[in-house]
Amino acid sequence: MRRLPSYCAQAQCLFFHFFLLLPCLAWADSLRDIPFKADFFQRDLQANTLRGKGNAWFKKGPRELWADEIEIDFQTKRAIASGKVHIKEGDLEVWCSHADFNLAGDDAIFDNVTLVSGQVVFTGSTAKRLDSRHFEIEDGSYSNCNIDLIRDPEVGKCDLDWKLYGSHFSVTMEEYVHVQDALIYLKGLPSLYLPYFVAPVKSQRQSGLLTPLFTYSDNLGNGVNWPYFWALSRWQDLTINPTYFSKTGMKLGLDYRYNYAPGTQGEANIFLLQRRFSLDPYNPAPDDLSRQRFLGAIGEWAIDLDNSYSFGKRTRTRQILRLVSNPYYTLDYGPDIKSGVTMPSLRSQFSLTSPSDSYLATADVDHYQSLIISKDIGIDRGSVTKLPSVSFYGANTSFWDQYLSYEFDTNLSNFYRPGAGYDSIDKNFNPLTNPTEIMHTDPNPSYHAGDYIRTGQRVQMEPRLIANIPMSPGFQLQPLLRAGTLLYHFDDPSSLFLHREYLQLEVPFSMYLWRRFDTDITGYEKLSHVFQPRFIYAANLYQSPESGPFFFRDATRGLSNPMFDLTDLLTPFQYMRFELINRVMRKTPSGSSERFMLFQLSEQYNVVTSAIDPRYQNQVGPIEILGEFQLWRFVAQVQGNYQLETVNGVRENDVSSTVSYRSPVGDSLTLGNRISINADPTLTEKTAVLAFYKTSPWFFDLTGGLEYSYKRGDLLGAQMGMIFGSKPRSCWGLTFLFGQNDLKQRFVRFQFRFDFGSPGSQIKSTGT
């Protein structure tokens with residue numbers, strides 16, 4: 001036989017070796033696709049397997065696996081892990097003792113497993129993963145109460161607020177879990193058994209019914225509220241709150257929220273009542289049953305809207321709309337409107353702000369609607385609008401080697417009051433010439449007497465010059481010269497133009513002393529004391545004489561709406577003010593400083609007094625005290641004014657003090673006291689306030705408080721109750737409160753909250 005050429009023999013040999021290397025090349029390709037690490041390796045080329053022992057790890061796509069030992073079979077495309085197995089895949093984390101899963105799919109089997117996804121926690125003796133969303137779990141537990149988002153293999157043993165135990169779980173993530181032989185535990189104690197139970201397995205916001213709320217008050221009767229939460233999209237939602245009161249009928253609340261992008265978000269609350277308030281302006285309590293009562297336009301209503309929008313780098317606009325159909329609305333429904341419980345008026349506002357490094361420009365439209373609140377004594381029932389109010393502020397600008405600086409404010413406002421129902425004015429009223437005279441007004445059926453509000457246009461321009469006088473270290477002297485012009489056009493009683501000018505001087509001189517101390521007191525080893533005496537001399541150097549009608553200053557009538565009569569109270573003044581400021585700070589373990597004691601004492605001597613301006617009525621002003629002391633878990637505060645001179649034989653003073661305690665576990669106790677002595681006995685008040693919150697090792701915490709007038713010997717308001725599920729972010733809770741408000745109305749509030757999902761969680765910005 002003829003021999004092959006040598007080069008043919010070589011090619012034949014290479015071809016033979018290529019087929020021998022094919023399994024090795026396939027294994028190498030698989031190894032490149034799956035990064036693998038371990039302390040020890042064992043490779044079997046014939047079986048096409050890889051085994052790692054000791055700190056074994058590999059990654060396949062989004063899935064990572066850690067274990068004591070991992071074996072990968074590339075022929076069957078399966079992996080087996082044992083010993084402290086930890087698997088992470090996106091938001092899903094699994095801890096188990098043994099795992100067998102498919103490298104080419106999602107099916108897997110886990111033994112002694114703990115599964116965590118968001119605040120969802122599952123445990124089981126065995127878990128089968130059918131695909132990416134479906135699991136079958138035997139002899140395990142489930143809770144959607146991992147509110148702290150703990151990522152730990154022992155999280156299933158945590159004392160979560162609630163937990164379901166069952167013999168079999170059929171789970172579809174972000175949908176529902178079907179439980180056989182379900183036993184519900186609350187706070188670690190068995191509470192309810194059900195042979196079959198279905199619960200949502202959802203960590204995202206979901207639409208659905210929320211838990212009901214039960215209330216009672218003397219005015220409204222029994223109330224039942226069952227809200228519905230509607231997750232419209234990732235960045236917006238709507239909560240529908242229907243409530244039925246046994247005495248007043250239906251109330252419908254609509255709460256719309258959105259958070260479209262950073263700086264662009266808002267909330268709109270609309271409330272529709274079936275009840276009708278009485279038309280009698282002096283009788284706020286009863287319903288008017290003689291008129292039809294339907295929701296909306298025929299019944300009473302309220303709107304609370306707050307929206308903000310940013311455009312450009314700094315420019316921002318905000319819209320606030322707060323209106324009620326009747327000034328009595330907040331007596332029974334105060335929580336519906338922000339700041340509507342105690343404020344005498346509601347403010348709606350449209351604002352536009354554009355700041356820069358050298359100026360700040362703002363434009364506002366403000367509408368003030370008066371309210372009837374429980375503590376009113378003769379209050380205006382009308383409304384007033386600032387349409388518009390435009391301001392321009394110039395920033396502090398230094399010149400002349402930094403020795404002088406200049407700044408200014410400019411404001412234009414137009415005050416408008418819709419309707420012609422407010423009181424007319426006695427044009428001859430002037431308390432300067434007759435201090436005992438009372439402003440006479442014509443009472444209107446819709447308003448209290450004395451509720452006149454001036455309307456018209458106002459312009460104020462005020463430049464300021466500040467001197468920075470060089471001083472020795474520890475001293476500061478910065479005289480301020482303020483000049484201003486006020487221009488007015490009044491609409492009533494006739495068209496009239498007025499102008500006023502003023503020139504005011506303020507000379508503050510202060511000394512700054514500082515010293516450091518080292519102590520052996522735990523937590524207070526390094527202390528610093530700041531001692532700052534301050535003296536201020538101020539005087540009205542010039543103001544133009546008043547011309548035309550007197551600037552009415554009858555502000556003691558309980559007016560709730562703004563007026564520039566009070567804003568522009570230009571009284572000739574000259575005073576010397578003395579302030580003594582003490583601050584003691586300690587150095588914290590983090591290296592920062594913390595003030596734990598403040599004591600400030602002030603006194604003012606009025607060289608020029610005024611009979612009509614309360615700021616300068618007495619030659620010797622009140623002693624003003626401000627103090628705060630914090631030690632360990634206690635905080636004490638005191639604030640007050642004490643008059644040295646008497647008014648009608650009475651030494652007026654107003655002093656309030658508070659002592660509070662707060663423990664690390666959440667216990668708190670607050671004691672407050674206020675003594676206000678006034679020359680008018682009807683304005684004198686002496687009250688005490690007590691509030692507490694007590695945690696307990698059982699299933700509930702206690703909370704309560706009261707306000708007591710020991711001048712009248714009367715309980716102004718009280719509240720007591722129990723709160724179950726007391727975590728700050730607890731996923732279940734039961735609240736039971738009862739008490740009496742300052743209108744002597746009794747109330748009861750009962751609400752049970754059991755959140756399987758997170759329907760009330762905050763909406764997230766789209767990041768547009």
# chains A, B, ... in the order shown; residues from 1 in each chain; ligands from 1
$ residues_around --residues "range 655-667 of chain A" --least-positions-apart "3" --cutoff "10 Å" --atoms "only C-alpha atoms" --output "VMD selection string"
chain A and resid 624 to 642 670 to 677 686 to 696 701 to 703 726 to 728
$ residues_around --residues "Val607 in chain A" --least-positions-apart "4" --cutoff "12 Å" --atoms "only C-alpha atoms" --output "number ranges by chain"
A: 537-540, 572-577, 616-621
$ residues_around --residues "range 131-141 of chain A" --least-positions-apart "2" --cutoff "10 Å" --atoms "only C-alpha atoms" --output "JSON, numbers by chain"
{"A": [92, 105, 106, 107, 108, 109, 110, 111, 112, 113, 114, 121, 122, 123, 124, 125, 126, 127, 128, 129, 143, 156, 157, 163, 164, 165, 166, 167, 168, 169, 170, 171, 172, 173, 174, 175, 177, 178, 179, 180, 181, 182, 183, 184]}
$ atom_distance --atom1 "CA of Thr49 in chain A" --atom2 "CA of Ser82 in chain A"
16.1 Å
$ residues_around --residues "range 301-315 of chain A" --least-positions-apart "2" --cutoff "7 Å" --atoms "only C-alpha atoms" --output "ChimeraX atom specification"
/A:263-273,296,299,317-325,337,353-355
$ closest_residue --among "A:Gly394, A:Pro62, A:Tyr329, A:Phe475" --to "Ser356 in chain A" --atoms "only C-alpha atoms"
A:Gly394
$ atom_distance --atom1 "CA of Gly221 in chain A" --atom2 "CA of Leu715 in chain A"
22.1 Å
$ residues_around --residues "range 146-153 of chain A" --least-positions-apart "4" --cutoff "9 Å" --atoms "only C-alpha atoms" --output "PDB file with all heavy atoms, in the first residue's frame"
ATOM      1  N   HIS A  86     -27.475  30.639  49.851  1.00  0.00           N
ATOM      2  CA  HIS A  86     -28.052  31.985  49.721  1.00  0.00           C
ATOM      3  C   HIS A  86     -28.160  32.310  48.246  1.00  0.00           C
ATOM      4  O   HIS A  86     -27.161  32.289  47.523  1.00  0.00           O
ATOM      5  CB  HIS A  86     -27.176  33.017  50.445  1.00  0.00           C
ATOM      6  CG  HIS A  86     -27.697  34.422  50.349  1.00  0.00           C
ATOM      7  ND1 HIS A  86     -26.899  35.531  50.569  1.00  0.00           N
ATOM      8  CD2 HIS A  86     -28.939  34.904  50.050  1.00  0.00           C
ATOM      9  CE1 HIS A  86     -27.624  36.621  50.414  1.00  0.00           C
ATOM     10  NE2 HIS A  86     -28.860  36.271  50.098  1.00  0.00           N
ATOM     11  N   GLU A  93     -34.741  37.108  47.490  1.00  0.00           N
ATOM     12  CA  GLU A  93     -33.613  36.469  48.168  1.00  0.00           C
ATOM     13  C   GLU A  93     -34.108  35.210  48.858  1.00  0.00           C
ATOM     14  O   GLU A  93     -35.198  35.192  49.457  1.00  0.00           O
ATOM     15  CB  GLU A  93     -32.961  37.409  49.182  1.00  0.00           C
ATOM     16  CG  GLU A  93     -32.177  38.537  48.535  1.00  0.00           C
ATOM     17  CD  GLU A  93     -31.244  39.241  49.519  1.00  0.00           C
ATOM     18  OE1 GLU A  93     -30.360  38.569  50.078  1.00  0.00           O
ATOM     19  OE2 GLU A  93     -31.417  40.458  49.720  1.00  0.00           O
ATOM     20  N   VAL A  94     -33.295  34.145  48.771  1.00  0.00           N
ATOM     21  CA  VAL A  94     -33.654  32.851  49.330  1.00  0.00           C
ATOM     22  C   VAL A  94     -32.497  32.348  50.173  1.00  0.00           C
ATOM     23  O   VAL A  94     -31.334  32.408  49.754  1.00  0.00           O
ATOM     24  CB  VAL A  94     -33.976  31.825  48.213  1.00  0.00           C
ATOM     25  CG1 VAL A  94     -34.306  30.463  48.807  1.00  0.00           C
ATOM     26  CG2 VAL A  94     -35.116  32.331  47.341  1.00  0.00           C
ATOM     27  N   TRP A  95     -32.813  31.857  51.378  1.00  0.00           N
ATOM     28  CA  TRP A  95     -31.849  31.158  52.227  1.00  0.00           C
ATOM     29  C   TRP A  95     -32.408  29.760  52.493  1.00  0.00           C
ATOM     30  O   TRP A  95     -33.609  29.611  52.782  1.00  0.00           O
ATOM     31  CB  TRP A  95     -31.664  31.870  53.553  1.00  0.00           C
ATOM     32  CG  TRP A  95     -30.969  33.203  53.458  1.00  0.00           C
ATOM     33  CD1 TRP A  95     -29.631  33.446  53.542  1.00  0.00           C
ATOM     34  CD2 TRP A  95     -31.586  34.480  53.269  1.00  0.00           C
ATOM     35  NE1 TRP A  95     -29.370  34.787  53.409  1.00  0.00           N
ATOM     36  CE2 TRP A  95     -30.550  35.453  53.241  1.00  0.00           C
ATOM     37  CE3 TRP A  95     -32.895  34.908  53.107  1.00  0.00           C
ATOM     38  CZ2 TRP A  95     -30.808  36.801  53.074  1.00  0.00           C
ATOM     39  CZ3 TRP A  95     -33.155  36.249  52.939  1.00  0.00           C
ATOM     40  CH2 TRP A  95     -32.112  37.189  52.921  1.00  0.00           C
ATOM     41  N   CYS A  96     -31.583  28.742  52.361  1.00  0.00           N
ATOM     42  CA  CYS A  96     -32.041  27.373  52.592  1.00  0.00           C
ATOM     43  C   CYS A  96     -30.838  26.486  52.914  1.00  0.00           C
ATOM     44  O   CYS A  96     -29.681  26.911  52.809  1.00  0.00           O
ATOM     45  CB  CYS A  96     -32.805  26.833  51.377  1.00  0.00           C
ATOM     46  SG  CYS A  96     -31.822  26.775  49.861  1.00  0.00           S
ATOM     47  N   VAL A 113     -36.427  26.510  53.915  1.00  0.00           N
ATOM     48  CA  VAL A 113     -36.247  27.729  53.137  1.00  0.00           C
ATOM     49  C   VAL A 113     -36.808  28.949  53.866  1.00  0.00           C
ATOM     50  O   VAL A 113     -37.790  28.862  54.608  1.00  0.00           O
ATOM     51  CB  VAL A 113     -36.921  27.579  51.756  1.00  0.00           C
ATOM     52  CG1 VAL A 113     -38.421  27.398  51.906  1.00  0.00           C
ATOM     53  CG2 VAL A 113     -36.622  28.770  50.860  1.00  0.00           C
ATOM     54  N   THR A 114     -36.172  30.098  53.638  1.00  0.00           N
ATOM     55  CA  THR A 114     -36.696  31.424  53.987  1.00  0.00           C
ATOM     56  C   THR A 114     -36.613  32.269  52.730  1.00  0.00           C
ATOM     57  O   THR A 114     -35.534  32.418  52.149  1.00  0.00           O
ATOM     58  CB  THR A 114     -35.893  32.083  55.111  1.00  0.00           C
ATOM     59  OG1 THR A 114     -36.010  31.303  56.301  1.00  0.00           O
ATOM     60  CG2 THR A 114     -36.397  33.499  55.381  1.00  0.00           C
ATOM     61  N   LEU A 115     -37.750  32.812  52.319  1.00  0.00           N
ATOM     62  CA  LEU A 115     -37.841  33.565  51.074  1.00  0.00           C
ATOM     63  C   LEU A 115     -38.293  34.985  51.399  1.00  0.00           C
ATOM     64  O   LEU A 115     -39.283  35.183  52.104  1.00  0.00           O
ATOM     65  CB  LEU A 115     -38.827  32.871  50.136  1.00  0.00           C
ATOM     66  CG  LEU A 115     -39.021  33.412  48.722  1.00  0.00           C
ATOM     67  CD1 LEU A 115     -39.430  32.266  47.799  1.00  0.00           C
ATOM     68  CD2 LEU A 115     -40.103  34.482  48.695  1.00  0.00           C
ATOM     69  N   VAL A 116     -37.576  35.988  50.880  1.00  0.00           N
ATOM     70  CA  VAL A 116     -37.873  37.399  51.154  1.00  0.00           C
ATOM     71  C   VAL A 116     -37.966  38.156  49.838  1.00  0.00           C
ATOM     72  O   VAL A 116     -37.081  38.035  48.980  1.00  0.00           O
ATOM     73  CB  VAL A 116     -36.800  38.046  52.052  1.00  0.00           C
ATOM     74  CG1 VAL A 116     -37.102  39.532  52.258  1.00  0.00           C
ATOM     75  CG2 VAL A 116     -36.719  37.333  53.392  1.00  0.00           C
ATOM     76  N   SER A 117     -39.045  38.940  49.688  1.00  0.00           N
ATOM     77  CA  SER A 117     -39.203  39.827  48.542  1.00  0.00           C
ATOM     78  C   SER A 117     -39.883  41.099  49.039  1.00  0.00           C
ATOM     79  O   SER A 117     -41.066  41.086  49.370  1.00  0.00           O
ATOM     80  CB  SER A 117     -40.051  39.174  47.446  1.00  0.00           C
ATOM     81  OG  SER A 117     -40.263  40.072  46.374  1.00  0.00           O
ATOM     82  N   GLY A 118     -39.125  42.194  49.106  1.00  0.00           N
ATOM     83  CA  GLY A 118     -39.671  43.419  49.685  1.00  0.00           C
ATOM     84  C   GLY A 118     -39.988  43.200  51.144  1.00  0.00           C
ATOM     85  O   GLY A 118     -39.133  42.781  51.934  1.00  0.00           O
ATOM     86  N   GLN A 119     -41.243  43.449  51.540  1.00  0.00           N
ATOM     87  CA  GLN A 119     -41.638  43.199  52.923  1.00  0.00           C
ATOM     88  C   GLN A 119     -42.343  41.850  53.077  1.00  0.00           C
ATOM     89  O   GLN A 119     -42.840  41.523  54.144  1.00  0.00           O
ATOM     90  CB  GLN A 119     -42.539  44.328  53.432  1.00  0.00           C
ATOM     91  CG  GLN A 119     -43.881  44.445  52.755  1.00  0.00           C
ATOM     92  CD  GLN A 119     -44.672  45.629  53.273  1.00  0.00           C
ATOM     93  OE1 GLN A 119     -44.140  46.728  53.367  1.00  0.00           O
ATOM     94  NE2 GLN A 119     -45.935  45.418  53.613  1.00  0.00           N
ATOM     95  N   VAL A 120     -42.356  41.041  51.986  1.00  0.00           N
ATOM     96  CA  VAL A 120     -42.954  39.704  52.019  1.00  0.00           C
ATOM     97  C   VAL A 120     -41.931  38.704  52.535  1.00  0.00           C
ATOM     98  O   VAL A 120     -40.784  38.679  52.082  1.00  0.00           O
ATOM     99  CB  VAL A 120     -43.439  39.297  50.614  1.00  0.00           C
ATOM    100  CG1 VAL A 120     -43.908  37.855  50.599  1.00  0.00           C
ATOM    101  CG2 VAL A 120     -44.555  40.232  50.166  1.00  0.00           C
ATOM    102  N   VAL A 121     -42.352  37.840  53.479  1.00  0.00           N
ATOM    103  CA  VAL A 121     -41.478  36.808  54.051  1.00  0.00           C
ATOM    104  C   VAL A 121     -42.225  35.478  54.053  1.00  0.00           C
ATOM    105  O   VAL A 121     -43.343  35.388  54.581  1.00  0.00           O
ATOM    106  CB  VAL A 121     -41.041  37.163  55.483  1.00  0.00           C
ATOM    107  CG1 VAL A 121     -40.181  36.042  56.063  1.00  0.00           C
ATOM    108  CG2 VAL A 121     -40.283  38.487  55.500  1.00  0.00           C
ATOM    109  N   LYS A 157     -37.974  34.176  61.650  1.00  0.00           N
ATOM    110  CA  LYS A 157     -38.183  33.935  63.080  1.00  0.00           C
ATOM    111  C   LYS A 157     -38.470  35.219  63.848  1.00  0.00           C
ATOM    112  O   LYS A 157     -38.669  35.172  65.056  1.00  0.00           O
ATOM    113  CB  LYS A 157     -36.954  33.248  63.663  1.00  0.00           C
ATOM    114  CG  LYS A 157     -36.632  31.904  63.023  1.00  0.00           C
ATOM    115  CD  LYS A 157     -35.381  31.293  63.616  1.00  0.00           C
ATOM    116  CE  LYS A 157     -35.031  29.969  62.955  1.00  0.00           C
ATOM    117  NZ  LYS A 157     -33.785  29.383  63.506  1.00  0.00           N
ATOM    118  N   CYS A 158     -38.444  36.359  63.149  1.00  0.00           N
ATOM    119  CA  CYS A 158     -38.684  37.632  63.826  1.00  0.00           C
ATOM    120  C   CYS A 158     -40.123  37.705  64.331  1.00  0.00           C
ATOM    121  O   CYS A 158     -41.031  37.095  63.760  1.00  0.00           O
ATOM    122  CB  CYS A 158     -38.417  38.807  62.884  1.00  0.00           C
ATOM    123  SG  CYS A 158     -36.684  38.989  62.423  1.00  0.00           S
ATOM    124  N   LEU A 160     -42.754  39.397  63.937  1.00  0.00           N
ATOM    125  CA  LEU A 160     -43.456  40.356  63.088  1.00  0.00           C
ATOM    126  C   LEU A 160     -44.848  40.618  63.646  1.00  0.00           C
ATOM    127  O   LEU A 160     -45.402  39.815  64.396  1.00  0.00           O
ATOM    128  CB  LEU A 160     -43.535  39.821  61.663  1.00  0.00           C
ATOM    129  CG  LEU A 160     -42.186  39.527  60.991  1.00  0.00           C
ATOM    130  CD1 LEU A 160     -42.394  38.896  59.623  1.00  0.00           C
ATOM    131  CD2 LEU A 160     -41.351  40.795  60.870  1.00  0.00           C
ATOM    132  N   ASP A 161     -45.446  41.755  63.242  1.00  0.00           N
ATOM    133  CA  ASP A 161     -46.735  42.144  63.806  1.00  0.00           C
ATOM    134  C   ASP A 161     -47.796  41.078  63.586  1.00  0.00           C
ATOM    135  O   ASP A 161     -48.607  40.821  64.456  1.00  0.00           O
ATOM    136  CB  ASP A 161     -47.193  43.471  63.195  1.00  0.00           C
ATOM    137  CG  ASP A 161     -46.454  44.645  63.798  1.00  0.00           C
ATOM    138  OD1 ASP A 161     -45.723  44.426  64.775  1.00  0.00           O
ATOM    139  OD2 ASP A 161     -46.599  45.772  63.303  1.00  0.00           O
ATOM    140  N   ARG A 729     -44.112  52.268  61.980  1.00  0.00           N
ATOM    141  CA  ARG A 729     -44.547  51.904  60.633  1.00  0.00           C
ATOM    142  C   ARG A 729     -45.207  50.541  60.650  1.00  0.00           C
ATOM    143  O   ARG A 729     -45.023  49.731  59.769  1.00  0.00           O
ATOM    144  CB  ARG A 729     -43.358  51.914  59.668  1.00  0.00           C
ATOM    145  CG  ARG A 729     -42.731  53.257  59.454  1.00  0.00           C
ATOM    146  CD  ARG A 729     -41.496  53.178  58.565  1.00  0.00           C
ATOM    147  NE  ARG A 729     -41.792  52.573  57.279  1.00  0.00           N
ATOM    148  CZ  ARG A 729     -41.206  51.475  56.819  1.00  0.00           C
ATOM    149  NH1 ARG A 729     -40.290  50.852  57.551  1.00  0.00           N
ATOM    150  NH2 ARG A 729     -41.506  50.988  55.648  1.00  0.00           N
ATOM    151  N   SER A 730     -45.999  50.285  61.688  1.00  0.00           N
ATOM    152  CA  SER A 730     -46.610  48.982  61.825  1.00  0.00           C
ATOM    153  C   SER A 730     -47.562  48.704  60.672  1.00  0.00           C
ATOM    154  O   SER A 730     -48.250  49.594  60.188  1.00  0.00           O
ATOM    155  CB  SER A 730     -47.366  48.905  63.148  1.00  0.00           C
ATOM    156  OG  SER A 730     -47.965  47.647  63.299  1.00  0.00           O
ATOM    157  N   CYS A 731     -47.591  47.433  60.227  1.00  0.00           N
ATOM    158  CA  CYS A 731     -48.451  47.098  59.097  1.00  0.00           C
ATOM    159  C   CYS A 731     -49.820  46.617  59.563  1.00  0.00           C
ATOM    160  O   CYS A 731     -50.623  46.185  58.750  1.00  0.00           O
ATOM    161  CB  CYS A 731     -47.790  46.038  58.228  1.00  0.00           C
ATOM    162  SG  CYS A 731     -47.444  44.518  59.104  1.00  0.00           S
TER     163      CYS A 731
END
$ residues_around --residues "range 740-742 of chain A" --least-positions-apart "3" --cutoff "12 Å" --atoms "only C-alpha atoms" --output "MDAnalysis selection string"
chainID A and resid 216:219 331:332 334 341:342 373:375 704:709 714:720 737 745:749
$ residues_around --residues "range 234-248 of chain A" --least-positions-apart "2" --cutoff "7 Å" --atoms "only C-alpha atoms" --output "number ranges by chain"
A: 220-232, 250-260, 274-275, 763-766
$ write_last_selection --atoms "C-alpha atoms" --output "PDB file, in the first residue's frame"
ATOM      1  CA  LEU A 220     -72.633  64.025  64.143  1.00  0.00           C
ATOM      2  CA  GLY A 221     -73.754  60.837  65.851  1.00  0.00           C
ATOM      3  CA  ASN A 222     -72.334  57.450  64.869  1.00  0.00           C
ATOM      4  CA  GLY A 223     -70.080  57.475  61.825  1.00  0.00           C
ATOM      5  CA  VAL A 224     -68.939  54.629  59.563  1.00  0.00           C
ATOM      6  CA  ASN A 225     -66.214  55.195  56.954  1.00  0.00           C
ATOM      7  CA  TRP A 226     -64.992  52.542  54.499  1.00  0.00           C
ATOM      8  CA  PRO A 227     -62.408  54.014  52.083  1.00  0.00           C
ATOM      9  CA  TYR A 228     -61.428  52.677  48.673  1.00  0.00           C
ATOM     10  CA  PHE A 229     -57.864  53.165  47.388  1.00  0.00           C
ATOM     11  CA  TRP A 230     -57.384  53.428  43.627  1.00  0.00           C
ATOM     12  CA  ALA A 231     -53.791  53.197  42.332  1.00  0.00           C
ATOM     13  CA  LEU A 232     -54.260  55.082  39.070  1.00  0.00           C
ATOM     14  CA  MET A 250     -73.601  61.261  54.024  1.00  0.00           C
ATOM     15  CA  LYS A 251     -70.166  62.801  53.635  1.00  0.00           C
ATOM     16  CA  LEU A 252     -67.984  62.029  50.601  1.00  0.00           C
ATOM     17  CA  GLY A 253     -64.248  62.703  50.549  1.00  0.00           C
ATOM     18  CA  LEU A 254     -62.038  62.484  47.444  1.00  0.00           C
ATOM     19  CA  ASP A 255     -58.257  62.560  47.982  1.00  0.00           C
ATOM     20  CA  TYR A 256     -56.174  62.748  44.783  1.00  0.00           C
ATOM     21  CA  ARG A 257     -52.355  62.683  44.982  1.00  0.00           C
ATOM     22  CA  TYR A 258     -49.692  62.864  42.324  1.00  0.00           C
ATOM     23  CA  ASN A 259     -45.899  63.023  42.186  1.00  0.00           C
ATOM     24  CA  TYR A 260     -45.045  63.341  38.521  1.00  0.00           C
ATOM     25  CA  GLN A 274     -75.362  66.135  52.802  1.00  0.00           C
ATOM     26  CA  ARG A 275     -76.034  68.387  55.807  1.00  0.00           C
ATOM     27  CA  ILE A 763     -46.438  57.387  45.417  1.00  0.00           C
ATOM     28  CA  LYS A 764     -43.160  57.641  43.550  1.00  0.00           C
ATOM     29  CA  SER A 765     -41.980  60.192  41.038  1.00  0.00           C
ATOM     30  CA  THR A 766     -41.591  59.070  37.450  1.00  0.00           C
TER      31      THR A 766
END
$ select_by_dssp --residues "range 545-732 of chain A" --states "alpha helix (DSSP H)" --output "VMD selection string"
chain A and resid 564 to 567
$ write_last_selection --atoms "N, CA and C atoms" --output "short mmCIF file (atom, residue, chain, number, x, y, z; two decimals), in the first residue's frame"
data_model
loop_
_atom_site.label_atom_id
_atom_site.label_comp_id
_atom_site.auth_asym_id
_atom_site.auth_seq_id
_atom_site.Cartn_x
_atom_site.Cartn_y
_atom_site.Cartn_z
N PHE A 564 -53.94 96.71 56.09
CA PHE A 564 -52.70 97.43 56.23
C PHE A 564 -52.81 98.57 57.22
N ASP A 565 -53.95 98.71 57.88
CA ASP A 565 -54.01 99.62 59.01
C ASP A 565 -53.08 99.14 60.12
N LEU A 566 -53.11 97.84 60.38
CA LEU A 566 -52.28 97.28 61.44
C LEU A 566 -50.86 97.04 60.95
N THR A 567 -50.72 96.63 59.69
CA THR A 567 -49.39 96.37 59.14
C THR A 567 -48.53 97.61 59.15
#
$ atom_distance --atom1 "CA of Asp409 in chain A" --atom2 "CA of Phe535 in chain A"
25.9 Å
